[in-house]
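Report on the structure given below.
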Amino acid sequence: MTKLKEKWNQVLALLEPELTEISFSTWFKPIKVKSIDEKLNIIHLTIDNNMAVDLIKDRYKSILENTIKIVYGNDFGFTIEYFEEDELLINNVGDKEPEFKDELYLNPRYNFKNFVVGNNNKFAHAAAVAVAEAPSEAYNPLFLYGGSGLGKTHLMHAIGHHILKTKSNLKVLYVSSEMFVNEMVSALRKNDLRNENNMGEFRRKYREIDVLLIDDIQFLENKASIQEEFFNTFNTLYTLNKQIIISSDRPPNKLVNMDVRLRSRFQWNLVADITPPDYETRVAILINRAELDNIEIDEDMNDVINLIAEKIQENVRELEGALTRIISFSKLMGEKIDIPFARKILKDILSAADFNVTPENIKKKVCKHFNIKIADIESAKRARQFAFPRQIAMYLCREMTDLSLPKIGECFGGRDHSTVLHAYEKISSDIKTNDSVKEIVATLESEISGK
Ligand code: ADP
Ligand code: MG
């Protein structure tokens, strides 16, 4: 039995040279042999990734079947199913130095090799790998969303690098939505001034590419004419079967100030989210970061990494920033990195970041207080356990920030300004009549402002 299981390594050894490095390590390396049915000659495999199950059954079925036959015998077959494992996966795919093309704005550090895979992003990562491997075939469009600093841009650049490296005939264009807007505005302006057809040029540029990566699409909200132009670009590319990859800080249905036709197109195929990393993933990201900087991870460094991972939970950019800051301060001050030193540096970072009065922080602290999820407070759920915290959070946003009612509504799943006003009036009057509400609001106000 164990021998039969050991043979699995031979299967892998045969498969490896047949596949690209990244396919091999994403789809095949994580496969586990669950059991072998020696009567029916079936190998039961599991993998902790739903998408891999589909892909293997679909695209890689015959290569895997043939290899199993070579190793186990001609009458062997396999089954594969999804099996959740909470063990963390660090992707060690060996992307070589990517070809760096200036005009593409691709950061060479943002490749698949440097991307740490955890439960928070494994679906988005798998989708990105699938698209990078088979543009226009796997998922089109691919829509990635998640909060700031969680790795969306990193994944998009990684897709770009991979396609450029493996399919050099394809034209890949990465743009931030801001760049798209600026280019279009400047083309329009030139059109007016010189009566030249710069819009024609702009359109041609965007419609002649094979892969369009457009980052932070939420930036197009409230810009109707630009949405119109992007709608046309999208349609042209899609009709020509070109790959489109979009990122956003919110899911399509929360982009309330976006043309409904665009919103629906964003959901035509695969929508994948990235959430904040769990503790183990945060540690893995920090270790990865330290290794990239050739920092030796001794016991003190290890403790410091654990401390940072404990303190900074919501944002990978800040997580890495904290480590980088500790490292550069230690160099600057000639002090050794250990827990007391790290605490000193972190204190500044944490107090500054934590007491920023933003809707995000308000939502975070309110949710923590009531022990509910941020997604619930942003959702349309009407149960009192969600509706009451939501009203409190809206009230605090109105009281503690300069944001307008519609802006506050946007922060709560795109609600109407009248809903915000209603919440504000309701809590204001509750405070006057109900001491427990008054106390909750006072506690939260001091937690949020740090005073
Ligand atoms: P977003 O575009 O979602 O705001 P970025 O892609 O810019 O976030 O990521 C912010 C920083 O965090 C980048 O330096 C990126 O390399 C890093 N990062 C985010 N997620 C990961 C990850 N899973 N593994 C390694 N680095 C990551
Ligand atoms: Mg980004």
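Residue numbering restarts at 1 for every chain of the structure tokens, chains are lettered A, B, ... in their displayed order, and ligands are numbered from 1 as they appear.
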Considering only C-alpha atoms and all ligand atoms, tabulate each residue of chain A that lies at most 10 Å from ligand 2 along with its nearest interatomic pair and the corresponding distance in Å to one decimal; arrange the rows by chain and ascending residue number and present them as a tab-separated table.
```
residue	atom	partner	partner_atom_place_in_ligand_line	distance
A:Tyr145	CA	ligand 2	1 (Mg)	9.9
A:Gly146	CA	ligand 2	1 (Mg)	9.5
A:Gly147	CA	ligand 2	1 (Mg)	9.1
A:Ser148	CA	ligand 2	1 (Mg)	6.8
A:Gly149	CA	ligand 2	1 (Mg)	6.6
A:Leu150	CA	ligand 2	1 (Mg)	8.0
A:Gly151	CA	ligand 2	1 (Mg)	6.9
A:Lys152	CA	ligand 2	1 (Mg)	5.4
A:Thr153	CA	ligand 2	1 (Mg)	4.1
A:His154	CA	ligand 2	1 (Mg)	7.3
A:Leu155	CA	ligand 2	1 (Mg)	9.3
A:Met156	CA	ligand 2	1 (Mg)	8.8
A:His157	CA	ligand 2	1 (Mg)	10.0
A:Ser176	CA	ligand 2	1 (Mg)	8.3
A:Asp215	CA	ligand 2	1 (Mg)	6.6
A:Asp216	CA	ligand 2	1 (Mg)	6.5
A:Ser247	CA	ligand 2	1 (Mg)	8.0
A:Ser248	CA	ligand 2	1 (Mg)	8.4
A:Asp249	CA	ligand 2	1 (Mg)	8.6
```
Emit the selected residues as a tab-separated table (two decimals), in the first residue's frame, including C-alpha atoms.
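selection-v7.tsv was written with the following content:
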```
chain	number	residue	atom	x	y	z
A	145	TYR	CA	-11.29	42.34	-5.85
A	146	GLY	CA	-10.21	43.01	-2.30
A	147	GLY	CA	-9.20	45.76	0.11
A	148	SER	CA	-6.19	47.96	-0.31
A	149	GLY	CA	-2.75	46.42	0.06
A	150	LEU	CA	-3.85	42.81	-0.27
A	151	GLY	CA	-1.96	41.90	-3.44
A	152	LYS	CA	-4.26	42.67	-6.37
A	153	THR	CA	-1.68	44.68	-8.29
A	154	HIS	CA	0.97	42.10	-7.47
A	155	LEU	CA	-1.14	39.32	-9.00
A	156	MET	CA	-1.95	41.37	-12.09
A	157	HIS	CA	1.72	42.12	-12.74
A	176	SER	CA	-4.13	51.64	-13.81
A	215	ASP	CA	-6.22	47.98	-12.19
A	216	ASP	CA	-8.48	49.69	-9.63
A	247	SER	CA	-9.20	44.61	-10.35
A	248	SER	CA	-11.30	46.56	-7.92
A	249	ASP	CA	-11.50	47.32	-4.23
```
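Look at Arg415 of chain A: the protein and nucleic acid residues within 10 Å of it, using only C-alpha atoms and passing over chain neighbours fewer than 4 places away, are Lys254, Val256, Glu378, Ser379, Ala380, Leu405, Pro406, Lys407, Ile408, Gly409, Glu410, Cys411, Thr419 and Val420 of chain A.
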**OP:** Considering only C-alpha atoms, state which residue in the set A:Ile448, A:Ile245, A:Ile427, A:Asn66 is at the smallest distance from Ala387 of chain A.
**Re:**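 Among A:Ile448, A:Ile245, A:Ile427, A:Asn66, it is A:Ile427 that comes nearest to Ala387 of chain A.
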Subject >> DSSP strand (DSSP E) residues within segment 18-193 of chain A, listed as a VMD selection string >> reply: chain A and resid 32 to 37 42 to 47 77 to 82 89 to 90 116 to 117 142 to 146 172 to 176
Write the residues of the preceding selection, restricted to C-alpha atoms, as a PDB file, in the first residue's frame.
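Below is the file result00.pdb, written as the result:
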```pdb
ATOM      1  CA  LYS A  32      -2.186  14.023  -2.198  1.00  0.00           C
ATOM      2  CA  VAL A  33      -2.868  10.326  -2.636  1.00  0.00           C
ATOM      3  CA  LYS A  34      -5.825   9.646  -0.380  1.00  0.00           C
ATOM      4  CA  SER A  35      -6.124   5.936  -0.999  1.00  0.00           C
ATOM      5  CA  ILE A  36      -5.599   3.287  -3.606  1.00  0.00           C
ATOM      6  CA  ASP A  37      -8.305   0.813  -4.425  1.00  0.00           C
ATOM      7  CA  ILE A  42      -8.222   3.241  -8.896  1.00  0.00           C
ATOM      8  CA  ILE A  43      -6.066   5.868  -7.260  1.00  0.00           C
ATOM      9  CA  HIS A  44      -8.069   8.361  -5.245  1.00  0.00           C
ATOM     10  CA  LEU A  45      -6.420  11.752  -5.226  1.00  0.00           C
ATOM     11  CA  THR A  46      -7.252  14.922  -3.324  1.00  0.00           C
ATOM     12  CA  ILE A  47      -6.164  18.508  -3.676  1.00  0.00           C
ATOM     13  CA  GLY A  77      -7.343   4.996 -13.375  1.00  0.00           C
ATOM     14  CA  PHE A  78      -7.855   7.882 -10.964  1.00  0.00           C
ATOM     15  CA  THR A  79     -10.401  10.085  -9.260  1.00  0.00           C
ATOM     16  CA  ILE A  80      -9.697  13.503  -7.833  1.00  0.00           C
ATOM     17  CA  GLU A  81     -11.682  15.549  -5.383  1.00  0.00           C
ATOM     18  CA  TYR A  82     -11.401  18.674  -3.367  1.00  0.00           C
ATOM     19  CA  LEU A  89       1.046  26.822   0.792  1.00  0.00           C
ATOM     20  CA  ILE A  90       4.010  28.868  -0.176  1.00  0.00           C
ATOM     21  CA  VAL A 116       2.807  33.936  -0.826  1.00  0.00           C
ATOM     22  CA  VAL A 117      -0.297  31.792  -1.133  1.00  0.00           C
ATOM     23  CA  LEU A 142     -11.237  37.702 -14.684  1.00  0.00           C
ATOM     24  CA  PHE A 143     -12.341  40.093 -11.971  1.00  0.00           C
ATOM     25  CA  LEU A 144     -10.173  40.327  -8.835  1.00  0.00           C
ATOM     26  CA  TYR A 145     -11.292  42.338  -5.848  1.00  0.00           C
ATOM     27  CA  GLY A 146     -10.206  43.007  -2.299  1.00  0.00           C
ATOM     28  CA  VAL A 172       0.059  42.725 -23.061  1.00  0.00           C
ATOM     29  CA  LEU A 173      -1.042  46.053 -21.660  1.00  0.00           C
ATOM     30  CA  TYR A 174      -1.220  46.870 -17.972  1.00  0.00           C
ATOM     31  CA  VAL A 175      -2.806  50.181 -16.981  1.00  0.00           C
ATOM     32  CA  SER A 176      -4.129  51.641 -13.810  1.00  0.00           C
TER      33      SER A 176
END
```
**OP:** May I have the residues within 12 Å of Ala13 of chain A as an NGL selection string, using only C-alpha atoms and disregarding those fewer than 3 positions away in the same chain?
**Re:** :A and (6-10 or 16-19 or 24-25 or 28-29 or 64 or 67-68 or 70-71)
Subject >> Of the listed residues A:Asp75, A:Asp338, A:Asp210, A:Glu229, that which approaches Val185 of chain A most closely, counting only C-alpha atoms >> reply: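 Nearest to Val185 of chain A: A:Glu229.
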**OP:** Run DSSP on the backbone and grab whatever in segment 17-203 of chain A lands in alpha helix (DSSP H); send it over as a ChimeraX atom specification.
**Re:** /A:21-23,50-58,61-72,122-133,152-166,177-194,198-203
**OP:** Extract, using only C-alpha atoms, all DNA, RNA and protein residues at most 9 Å from segment 162-164 of chain A, discarding same-chain residues fewer than 4 positions from it, and format them as an MDAnalysis selection string.
**Re:** chainID A and resid 95 98:99 111:112 129 131:135 157:158 168:172 211
Write the residues of the selection above to a file with C-alpha atoms, as a compact mmCIF listing (two decimals), in the first residue's frame.
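Printed below is again-v5.txt as written:
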```txt
# COMPACT_ATOMS: atom_id res chain seq x y z
CA ASP A 95 9.88 32.34 -12.48
CA PRO A 98 11.11 38.43 -16.06
CA GLU A 99 11.75 40.48 -19.11
CA ASN A 111 5.86 37.87 -9.91
CA PHE A 112 4.27 34.56 -8.98
CA VAL A 129 -2.27 31.32 -12.66
CA VAL A 131 -5.37 32.93 -16.83
CA ALA A 132 -1.62 33.47 -17.12
CA GLU A 133 -1.23 29.95 -18.46
CA ALA A 134 -4.12 30.09 -20.90
CA PRO A 135 -5.15 33.66 -21.70
CA HIS A 157 1.72 42.12 -12.74
CA ALA A 158 2.51 38.45 -12.20
CA SER A 168 6.05 36.59 -26.46
CA ASN A 169 3.88 37.13 -29.53
CA LEU A 170 1.00 38.45 -27.40
CA LYS A 171 0.59 42.14 -26.76
CA VAL A 172 0.06 42.73 -23.06
CA VAL A 211 -4.34 41.02 -22.96
```
Could you give me, as a PDB file with C-alpha atoms, in the first residue's frame, the residues within 8 Å of Ile244 of chain A, counting only C-alpha atoms and dropping anything in the same chain fewer than 3 positions from it?
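See around-v2.pdb below for the written result:
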```pdb
ATOM      1  CA  SER A 136      -8.584  33.939 -23.334  1.00  0.00           C
ATOM      2  CA  ASN A 140     -12.545  35.777 -19.351  1.00  0.00           C
ATOM      3  CA  PRO A 141     -12.987  38.329 -17.962  1.00  0.00           C
ATOM      4  CA  LEU A 142     -11.237  37.702 -14.684  1.00  0.00           C
ATOM      5  CA  VAL A 211      -4.342  41.025 -22.963  1.00  0.00           C
ATOM      6  CA  LEU A 212      -5.663  44.034 -21.075  1.00  0.00           C
ATOM      7  CA  LEU A 213      -4.943  44.314 -17.371  1.00  0.00           C
ATOM      8  CA  ILE A 214      -6.816  47.222 -15.860  1.00  0.00           C
ATOM      9  CA  PHE A 234     -14.352  45.982 -23.330  1.00  0.00           C
ATOM     10  CA  LEU A 237     -11.722  43.107 -26.955  1.00  0.00           C
ATOM     11  CA  TYR A 238     -14.213  40.581 -25.706  1.00  0.00           C
TER      12      TYR A 238
END
```
Subject >> Nearest residue to ligand 1 from the set A:Val316, A:Ala52, A:Ala124, A:Val11 (distances using only C-alpha atoms and all ligand atoms) >> reply: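 Smallest distance to ligand 1 is found for A:Val316.
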Original post:
Separation of atom CA of Ile326 of chain A and atom CA of Ala342 of chain A, in Å?
Top reply: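 Taking atom CA of Ile326 of chain A as the start and atom CA of Ala342 of chain A as the end point, the length is 6.3 Å.
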Subject >> Polymer residues at most 12 Å from segment 361-376 of chain A, only C-alpha atoms, same-chain spacing of 3 or more positions, as an MDAnalysis selection string >> reply: chainID A and resid 146:147 250:251 254 275:276 313:314 352:358 379:401 408 411:413 440:450
Please produce a file of those selected residues containing C-alpha atoms, as a PDB file, in the first residue's frame.
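Result went into result-v6.pdb, see below:
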```
ATOM      1  CA  GLY A 146     -10.206  43.007  -2.299  1.00  0.00           C
ATOM      2  CA  GLY A 147      -9.198  45.756   0.108  1.00  0.00           C
ATOM      3  CA  ARG A 250     -15.077  46.025  -4.204  1.00  0.00           C
ATOM      4  CA  PRO A 251     -17.127  43.307  -5.888  1.00  0.00           C
ATOM      5  CA  LYS A 254     -20.909  47.211  -4.981  1.00  0.00           C
ATOM      6  CA  THR A 275      -9.295  38.864   2.023  1.00  0.00           C
ATOM      7  CA  PRO A 276      -6.805  39.879   4.716  1.00  0.00           C
ATOM      8  CA  GLN A 313      -3.534  42.276  10.344  1.00  0.00           C
ATOM      9  CA  GLU A 314      -5.407  44.075   7.644  1.00  0.00           C
ATOM     10  CA  ALA A 352      -0.538  56.550  13.756  1.00  0.00           C
ATOM     11  CA  ALA A 353      -2.360  53.922  11.700  1.00  0.00           C
ATOM     12  CA  ASP A 354      -4.771  52.777  14.334  1.00  0.00           C
ATOM     13  CA  PHE A 355      -6.220  56.120  15.302  1.00  0.00           C
ATOM     14  CA  ASN A 356      -6.811  57.383  11.831  1.00  0.00           C
ATOM     15  CA  VAL A 357     -10.453  58.376  11.759  1.00  0.00           C
ATOM     16  CA  THR A 358     -11.575  56.802   8.510  1.00  0.00           C
ATOM     17  CA  SER A 379     -24.427  43.944   3.578  1.00  0.00           C
ATOM     18  CA  ALA A 380     -28.152  44.492   3.229  1.00  0.00           C
ATOM     19  CA  LYS A 381     -28.947  42.165   6.144  1.00  0.00           C
ATOM     20  CA  ARG A 382     -31.776  43.640   8.194  1.00  0.00           C
ATOM     21  CA  ALA A 383     -31.494  41.534  11.345  1.00  0.00           C
ATOM     22  CA  ARG A 384     -31.053  43.770  14.385  1.00  0.00           C
ATOM     23  CA  GLN A 385     -27.716  42.184  15.240  1.00  0.00           C
ATOM     24  CA  PHE A 386     -26.354  43.788  12.013  1.00  0.00           C
ATOM     25  CA  ALA A 387     -28.700  46.735  11.512  1.00  0.00           C
ATOM     26  CA  PHE A 388     -27.961  48.309  14.889  1.00  0.00           C
ATOM     27  CA  PRO A 389     -24.134  48.221  14.589  1.00  0.00           C
ATOM     28  CA  ARG A 390     -24.518  49.516  11.029  1.00  0.00           C
ATOM     29  CA  GLN A 391     -26.537  52.491  12.253  1.00  0.00           C
ATOM     30  CA  ILE A 392     -24.007  53.169  14.985  1.00  0.00           C
ATOM     31  CA  ALA A 393     -21.170  53.050  12.447  1.00  0.00           C
ATOM     32  CA  MET A 394     -23.033  55.414  10.107  1.00  0.00           C
ATOM     33  CA  TYR A 395     -23.659  57.754  12.996  1.00  0.00           C
ATOM     34  CA  LEU A 396     -19.975  57.740  13.929  1.00  0.00           C
ATOM     35  CA  CYS A 397     -18.917  58.371  10.323  1.00  0.00           C
ATOM     36  CA  ARG A 398     -21.205  61.395  10.239  1.00  0.00           C
ATOM     37  CA  GLU A 399     -19.964  62.663  13.600  1.00  0.00           C
ATOM     38  CA  MET A 400     -16.275  61.966  13.269  1.00  0.00           C
ATOM     39  CA  THR A 401     -15.410  62.497   9.599  1.00  0.00           C
ATOM     40  CA  ILE A 408     -20.883  57.500   3.819  1.00  0.00           C
ATOM     41  CA  CYS A 411     -18.930  52.905   2.443  1.00  0.00           C
ATOM     42  CA  PHE A 412     -21.852  50.774   3.548  1.00  0.00           C
ATOM     43  CA  GLY A 413     -22.519  48.788   0.435  1.00  0.00           C
ATOM     44  CA  ILE A 440     -21.688  52.321  23.534  1.00  0.00           C
ATOM     45  CA  VAL A 441     -21.248  55.416  21.379  1.00  0.00           C
ATOM     46  CA  ALA A 442     -18.961  57.095  23.901  1.00  0.00           C
ATOM     47  CA  THR A 443     -16.776  53.991  24.246  1.00  0.00           C
ATOM     48  CA  LEU A 444     -16.474  53.608  20.500  1.00  0.00           C
ATOM     49  CA  GLU A 445     -15.699  57.275  19.993  1.00  0.00           C
ATOM     50  CA  SER A 446     -12.792  57.097  22.374  1.00  0.00           C
ATOM     51  CA  GLU A 447     -11.528  53.817  20.894  1.00  0.00           C
ATOM     52  CA  ILE A 448     -11.651  55.260  17.399  1.00  0.00           C
ATOM     53  CA  SER A 449      -9.983  58.569  18.179  1.00  0.00           C
ATOM     54  CA  GLY A 450      -7.517  57.083  20.668  1.00  0.00           C
TER      55      GLY A 450
END
```
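Interatomic distance, atom CA of Phe219 of chain A against atom CA of Ile246 of chain A: 11.8 Å.
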